[in-house]
Structures are given as C-alpha cells and as structure tokens.
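Everything below belongs to input19.txt, which stores compact mmCIF, N, CA and C atoms.
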# COMPACT_ATOMS: atom_id res chain seq x y z
N MET A 35 19.57 -4.75 -3.09
CA MET A 35 20.22 -4.64 -4.36
C MET A 35 20.61 -3.17 -4.56
N TYR A 36 21.84 -2.94 -4.90
CA TYR A 36 22.34 -1.58 -5.14
C TYR A 36 22.35 -1.30 -6.64
N VAL A 37 21.77 -0.17 -7.03
CA VAL A 37 21.84 0.32 -8.40
C VAL A 37 22.44 1.71 -8.30
N ARG A 38 23.73 1.77 -8.41
CA ARG A 38 24.54 2.98 -8.21
C ARG A 38 24.23 3.61 -6.85
N PRO A 39 23.64 4.82 -6.80
CA PRO A 39 23.46 5.43 -5.47
C PRO A 39 22.21 4.96 -4.75
N PHE A 40 21.39 4.10 -5.37
CA PHE A 40 20.11 3.70 -4.79
C PHE A 40 20.19 2.28 -4.24
N TYR A 41 19.46 2.05 -3.15
CA TYR A 41 19.36 0.71 -2.58
C TYR A 41 17.90 0.29 -2.62
N PHE A 42 17.62 -0.87 -3.17
CA PHE A 42 16.26 -1.40 -3.27
C PHE A 42 16.18 -2.68 -2.45
N ASP A 43 15.27 -2.69 -1.46
CA ASP A 43 15.04 -3.94 -0.74
C ASP A 43 13.96 -4.73 -1.49
N THR A 44 13.61 -5.89 -0.98
CA THR A 44 12.71 -6.78 -1.71
C THR A 44 11.31 -6.19 -1.85
N LYS A 45 10.84 -5.45 -0.84
CA LYS A 45 9.51 -4.86 -0.94
C LYS A 45 9.46 -3.81 -2.04
N LYS A 46 10.49 -3.00 -2.16
CA LYS A 46 10.50 -1.97 -3.19
C LYS A 46 10.57 -2.60 -4.58
N ILE A 47 11.36 -3.64 -4.73
CA ILE A 47 11.44 -4.33 -6.02
C ILE A 47 10.09 -4.94 -6.38
N PHE A 48 9.40 -5.53 -5.39
CA PHE A 48 8.08 -6.10 -5.63
C PHE A 48 7.09 -5.02 -6.07
N PHE A 49 7.08 -3.88 -5.39
CA PHE A 49 6.15 -2.81 -5.75
C PHE A 49 6.48 -2.21 -7.11
N ILE A 50 7.75 -2.10 -7.45
CA ILE A 50 8.12 -1.59 -8.76
C ILE A 50 7.66 -2.56 -9.85
N LEU A 51 7.86 -3.86 -9.65
CA LEU A 51 7.39 -4.85 -10.61
C LEU A 51 5.87 -4.85 -10.72
N ALA A 52 5.18 -4.70 -9.57
CA ALA A 52 3.71 -4.64 -9.60
C ALA A 52 3.23 -3.42 -10.37
N ALA A 53 3.89 -2.28 -10.17
CA ALA A 53 3.50 -1.07 -10.91
C ALA A 53 3.73 -1.24 -12.40
N ILE A 54 4.84 -1.88 -12.78
CA ILE A 54 5.12 -2.10 -14.20
C ILE A 54 4.09 -3.05 -14.81
N ILE A 55 3.78 -4.12 -14.11
CA ILE A 55 2.80 -5.09 -14.63
C ILE A 55 1.41 -4.48 -14.71
N LEU A 56 1.01 -3.69 -13.71
CA LEU A 56 -0.29 -3.02 -13.76
C LEU A 56 -0.34 -1.98 -14.88
N GLY A 57 0.77 -1.28 -15.08
CA GLY A 57 0.83 -0.34 -16.19
C GLY A 57 0.71 -1.03 -17.54
N LEU A 58 1.36 -2.17 -17.69
CA LEU A 58 1.23 -2.94 -18.93
C LEU A 58 -0.19 -3.47 -19.11
N ALA A 59 -0.82 -3.88 -18.02
CA ALA A 59 -2.20 -4.36 -18.11
C ALA A 59 -3.14 -3.24 -18.54
N MET A 60 -2.90 -2.03 -18.06
CA MET A 60 -3.73 -0.90 -18.49
C MET A 60 -3.45 -0.55 -19.94
N TYR A 61 -2.19 -0.59 -20.35
CA TYR A 61 -1.81 -0.21 -21.71
C TYR A 61 -2.36 -1.20 -22.74
N PHE A 62 -2.22 -2.49 -22.47
CA PHE A 62 -2.66 -3.50 -23.42
C PHE A 62 -4.12 -3.89 -23.25
N GLY A 63 -4.79 -3.39 -22.21
CA GLY A 63 -6.21 -3.67 -22.02
C GLY A 63 -6.52 -5.08 -21.55
N TRP A 64 -5.62 -5.66 -20.79
CA TRP A 64 -5.88 -6.99 -20.26
C TRP A 64 -7.05 -6.94 -19.29
N SER A 65 -7.89 -7.95 -19.32
CA SER A 65 -9.04 -7.97 -18.41
C SER A 65 -8.62 -8.62 -17.09
N LEU A 66 -8.81 -7.88 -16.03
CA LEU A 66 -8.53 -8.37 -14.68
C LEU A 66 -9.78 -8.19 -13.84
N TRP A 67 -9.91 -8.94 -12.76
CA TRP A 67 -11.13 -8.88 -11.97
C TRP A 67 -11.14 -7.75 -10.95
N PHE A 68 -10.10 -6.95 -10.91
CA PHE A 68 -10.07 -5.79 -10.01
C PHE A 68 -9.82 -4.53 -10.82
N ASP A 69 -9.98 -3.40 -10.17
CA ASP A 69 -9.80 -2.11 -10.84
C ASP A 69 -8.31 -1.81 -11.00
N LYS A 70 -7.84 -1.85 -12.22
CA LYS A 70 -6.40 -1.67 -12.48
C LYS A 70 -5.93 -0.27 -12.11
N ARG A 71 -6.73 0.73 -12.39
CA ARG A 71 -6.33 2.11 -12.11
C ARG A 71 -6.21 2.36 -10.61
N ALA A 72 -7.13 1.79 -9.82
CA ALA A 72 -7.08 1.97 -8.37
C ALA A 72 -5.85 1.28 -7.79
N PHE A 73 -5.55 0.09 -8.25
CA PHE A 73 -4.38 -0.62 -7.74
C PHE A 73 -3.07 0.03 -8.18
N LEU A 74 -3.04 0.57 -9.39
CA LEU A 74 -1.84 1.27 -9.83
C LEU A 74 -1.63 2.54 -9.01
N THR A 75 -2.71 3.26 -8.73
CA THR A 75 -2.60 4.45 -7.87
C THR A 75 -2.11 4.09 -6.48
N LEU A 76 -2.65 3.04 -5.92
CA LEU A 76 -2.24 2.61 -4.59
C LEU A 76 -0.79 2.12 -4.57
N THR A 77 -0.39 1.43 -5.61
CA THR A 77 1.00 0.95 -5.69
C THR A 77 1.98 2.11 -5.76
N ILE A 78 1.67 3.09 -6.57
CA ILE A 78 2.55 4.26 -6.67
C ILE A 78 2.56 5.03 -5.37
N LEU A 79 1.41 5.15 -4.72
CA LEU A 79 1.34 5.84 -3.43
C LEU A 79 2.18 5.13 -2.38
N ILE A 80 2.12 3.82 -2.34
CA ILE A 80 2.92 3.04 -1.39
C ILE A 80 4.41 3.19 -1.69
N LEU A 81 4.78 3.17 -2.97
CA LEU A 81 6.19 3.37 -3.35
C LEU A 81 6.69 4.75 -2.92
N LEU A 82 5.89 5.77 -3.13
CA LEU A 82 6.30 7.12 -2.74
C LEU A 82 6.44 7.26 -1.23
N THR A 83 5.48 6.75 -0.49
CA THR A 83 5.56 6.90 0.97
C THR A 83 6.70 6.08 1.55
N LYS A 84 6.95 4.91 1.02
CA LYS A 84 8.07 4.10 1.51
C LYS A 84 9.39 4.73 1.13
N GLY A 85 9.44 5.39 -0.02
CA GLY A 85 10.67 6.05 -0.42
C GLY A 85 10.93 7.35 0.32
N LEU A 86 9.87 8.10 0.61
CA LEU A 86 10.04 9.38 1.28
C LEU A 86 10.20 9.25 2.79
N ILE A 87 9.60 8.21 3.35
CA ILE A 87 9.69 8.00 4.80
C ILE A 87 10.32 6.64 5.04
N PRO A 88 11.64 6.52 4.95
CA PRO A 88 12.28 5.20 5.05
C PRO A 88 12.30 4.64 6.46
N SER A 89 11.95 5.45 7.46
CA SER A 89 12.04 4.96 8.84
C SER A 89 10.74 4.33 9.33
N ILE A 90 9.86 3.96 8.40
CA ILE A 90 8.61 3.30 8.78
C ILE A 90 8.95 1.90 9.26
N HIS A 91 8.33 1.49 10.36
CA HIS A 91 8.51 0.11 10.80
C HIS A 91 7.90 -0.82 9.76
N ASN A 92 8.59 -1.85 9.41
CA ASN A 92 8.13 -2.74 8.35
C ASN A 92 6.81 -3.42 8.67
N GLU A 93 6.59 -3.78 9.93
CA GLU A 93 5.35 -4.45 10.30
C GLU A 93 4.16 -3.52 10.13
N ALA A 94 4.28 -2.29 10.61
CA ALA A 94 3.19 -1.33 10.48
C ALA A 94 2.93 -1.00 9.02
N PHE A 95 3.98 -0.85 8.24
CA PHE A 95 3.83 -0.56 6.82
C PHE A 95 3.18 -1.72 6.09
N PHE A 96 3.55 -2.94 6.42
CA PHE A 96 2.96 -4.12 5.79
C PHE A 96 1.47 -4.23 6.11
N ILE A 97 1.11 -4.02 7.36
CA ILE A 97 -0.30 -4.10 7.76
C ILE A 97 -1.11 -3.02 7.06
N LEU A 98 -0.57 -1.79 7.00
CA LEU A 98 -1.26 -0.71 6.32
C LEU A 98 -1.44 -1.00 4.83
N ALA A 99 -0.42 -1.54 4.19
CA ALA A 99 -0.51 -1.86 2.76
C ALA A 99 -1.54 -2.96 2.50
N ILE A 100 -1.56 -3.99 3.33
CA ILE A 100 -2.52 -5.08 3.16
C ILE A 100 -3.95 -4.58 3.36
N VAL A 101 -4.17 -3.78 4.40
CA VAL A 101 -5.51 -3.25 4.66
C VAL A 101 -5.94 -2.34 3.51
N ALA A 102 -5.04 -1.51 3.01
CA ALA A 102 -5.38 -0.62 1.90
C ALA A 102 -5.71 -1.41 0.64
N VAL A 103 -4.99 -2.49 0.38
CA VAL A 103 -5.30 -3.32 -0.79
C VAL A 103 -6.68 -3.94 -0.66
N PHE A 104 -7.02 -4.47 0.50
CA PHE A 104 -8.34 -5.07 0.67
C PHE A 104 -9.44 -4.03 0.65
N LEU A 105 -9.18 -2.83 1.15
CA LEU A 105 -10.18 -1.77 1.06
C LEU A 105 -10.40 -1.32 -0.37
N THR A 106 -9.38 -1.42 -1.21
CA THR A 106 -9.51 -1.04 -2.61
C THR A 106 -10.50 -1.95 -3.34
N LEU A 107 -10.64 -3.17 -2.87
CA LEU A 107 -11.59 -4.09 -3.49
C LEU A 107 -13.03 -3.67 -3.26
N TYR A 108 -13.31 -2.94 -2.16
CA TYR A 108 -14.69 -2.65 -1.78
C TYR A 108 -15.03 -1.17 -1.76
N LEU A 109 -14.05 -0.27 -1.65
CA LEU A 109 -14.31 1.16 -1.53
C LEU A 109 -13.73 1.91 -2.72
N PRO A 110 -14.25 3.11 -2.99
CA PRO A 110 -13.64 3.94 -4.04
C PRO A 110 -12.23 4.35 -3.65
N ILE A 111 -11.42 4.68 -4.66
CA ILE A 111 -10.01 4.97 -4.42
C ILE A 111 -9.83 6.22 -3.57
N PHE A 112 -10.73 7.20 -3.67
CA PHE A 112 -10.60 8.41 -2.86
C PHE A 112 -10.67 8.07 -1.38
N LYS A 113 -11.58 7.20 -0.99
CA LYS A 113 -11.70 6.82 0.42
C LYS A 113 -10.48 6.03 0.89
N VAL A 114 -9.92 5.22 0.02
CA VAL A 114 -8.74 4.44 0.38
C VAL A 114 -7.53 5.37 0.56
N VAL A 115 -7.36 6.34 -0.34
CA VAL A 115 -6.26 7.29 -0.22
C VAL A 115 -6.43 8.14 1.03
N LEU A 116 -7.66 8.54 1.34
CA LEU A 116 -7.94 9.28 2.56
C LEU A 116 -7.60 8.44 3.79
N PHE A 117 -7.97 7.17 3.79
CA PHE A 117 -7.62 6.26 4.87
C PHE A 117 -6.10 6.13 5.01
N TYR A 118 -5.42 6.05 3.89
CA TYR A 118 -3.97 5.89 3.88
C TYR A 118 -3.29 7.09 4.53
N PHE A 119 -3.70 8.31 4.14
CA PHE A 119 -3.09 9.52 4.71
C PHE A 119 -3.45 9.71 6.18
N ILE A 120 -4.68 9.42 6.55
CA ILE A 120 -5.08 9.53 7.96
C ILE A 120 -4.30 8.52 8.80
N SER A 121 -4.07 7.34 8.27
CA SER A 121 -3.28 6.33 8.99
C SER A 121 -1.85 6.81 9.21
N PHE A 122 -1.26 7.46 8.21
CA PHE A 122 0.10 7.98 8.38
C PHE A 122 0.14 9.10 9.41
N ILE A 123 -0.88 9.93 9.44
CA ILE A 123 -0.93 10.98 10.47
C ILE A 123 -1.03 10.34 11.85
N LEU A 124 -1.88 9.33 11.99
CA LEU A 124 -1.99 8.65 13.28
C LEU A 124 -0.72 7.90 13.64
N PHE A 125 -0.07 7.29 12.66
CA PHE A 125 1.21 6.63 12.93
C PHE A 125 2.24 7.62 13.43
N ARG A 126 2.23 8.82 12.85
CA ARG A 126 3.18 9.85 13.28
C ARG A 126 2.85 10.31 14.70
N LEU A 127 1.58 10.49 15.00
CA LEU A 127 1.19 10.92 16.35
C LEU A 127 1.47 9.86 17.40
N LEU A 128 1.35 8.60 17.02
CA LEU A 128 1.60 7.50 17.96
C LEU A 128 3.05 7.05 17.96
N ARG A 129 3.90 7.78 17.22
CA ARG A 129 5.35 7.52 17.16
C ARG A 129 5.69 6.16 16.54
N VAL A 130 4.87 5.69 15.63
CA VAL A 130 5.22 4.49 14.90
C VAL A 130 6.21 4.83 13.80
N ILE A 131 6.06 6.04 13.21
CA ILE A 131 7.01 6.52 12.22
C ILE A 131 8.00 7.41 12.97
N LEU A 132 9.24 7.07 12.92
CA LEU A 132 10.27 7.80 13.67
C LEU A 132 11.04 8.69 12.71
N ILE A 133 10.62 9.94 12.61
CA ILE A 133 11.32 10.88 11.73
C ILE A 133 12.19 11.78 12.59
Take the structure in the file and give it back as structure tokens.
Amino acid sequence: MYVRPFYFDTKKIFFILAAIILGLAMYFGWSLWFDKRAFLTLTILILLTKGLIPSIHNEAFFILAIVAVFLTLYLPIFKVVLFYFISFILFRLLRVILI
C-alpha cells in the first residue's frame, strides 16, 4: 500500500495496528494476560528495525520476531531486547542481512 512517498507491506501494517491497539490497551487500562508495556516496546523495536534495515530476509525476520515474542512471555524485556540486538549482530556477521 502506498501512502504518498511511503510503501507499507502487510507486515508493517500489522505491526502498526498492533502498536496502536497495544497503546490503546495501555491508555484505557484494559486487562490482558501479557505485559502490555513489554509487547509495545517489542513491537516498536521490530517496526524500527524493519524500517531501518529493509534488506532483511523475510524468513529470518519472521523467525526472530516470533522467538522474541515468545521470550517476552517468560523473560524480562531487557533480556529480550539484548537477545534481539545480539541476533541482528549475528545476522550481519553471517550475511543474513545484506546491507
């Protein structure tokens, strides 16, 4: 989908909608069974990395996002963010991210 100079694929639209819904859940105080702040942080982090590094292979990015989401259920957000950045460094060293 094109919005003037920007192009949004389906994954970006999904993450933007997820961030909006999580933000509304935090604002209105809806009770959810997971940590809203951790998932909102992870969603924004995924949006930023996908936007800044568009040459990520979709399969590797999808696997990393799924693993990070499941780790958020069991680990503190600092450890998940650390895992996320270390994974990107390893992806870069292993040439999965082609910059």
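Neighbours of segment 112-120 of chain A closer than or equal to 8 Å, with all atoms listed in the file counted and sequence neighbours fewer than 4 positions away skipped, come out as Ala72, Leu76, Leu98, Val101, Ala102, Val103, Leu105, Thr106, Leu124, Phe125 and Arg126 of chain A.
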One decimal place gives the atom CA of Arg71 of chain A-atom N of Phe48 of chain A separation as 18.7 Å
List the neighbours of Lys70 of chain A out to 6.5 Å using only N, CA and C atoms; skip same-chain residues closer than 4 positions along the sequence, and give me the result as a PDB file with N, CA and C atoms, in the coordinates of the input.
ATOM      1  N   LEU A  56       1.010  -3.690 -13.710  1.00  0.00           N
ATOM      2  CA  LEU A  56      -0.290  -3.020 -13.760  1.00  0.00           C
ATOM      3  C   LEU A  56      -0.340  -1.980 -14.880  1.00  0.00           C
ATOM      4  N   LEU A  74      -3.040   0.570  -9.390  1.00  0.00           N
ATOM      5  CA  LEU A  74      -1.840   1.270  -9.830  1.00  0.00           C
ATOM      6  C   LEU A  74      -1.630   2.540  -9.010  1.00  0.00           C
ATOM      7  N   THR A  75      -2.710   3.260  -8.730  1.00  0.00           N
ATOM      8  CA  THR A  75      -2.600   4.450  -7.870  1.00  0.00           C
ATOM      9  C   THR A  75      -2.110   4.090  -6.480  1.00  0.00           C
TER      10      THR A  75
END
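Picture a line from atom C of Leu109 of chain A to atom CA of Leu81 of chain A; it runs 20.0 Å.
Between atom CA of Ile50 of chain A and atom C of Lys84 of chain A lies a distance of 11.8 Å.
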Practice problem: Run DSSP on the backbone and give me the residues of chain A it puts in strand (DSSP E or B), as a list in words. | Solution: Tyr36, Val37, Phe40, Tyr41, Ile90 and Ile131 of chain A
- request: Please report, as a ChimeraX atom specification, each residue of chain A to which DSSP assigns alpha helix (DSSP H) when run on this structure's backbone.
  value: /A:44-62,70-86,92-108,111-127
**Asked** If you count all atoms listed in the file, which residues fall within 8 Å of Phe49 of chain A, apart from same-chain ones fewer than 4 positions away, as an MDAnalysis selection string?
**Response** chainID A and resid 43:45 53:55 77:78 80:81
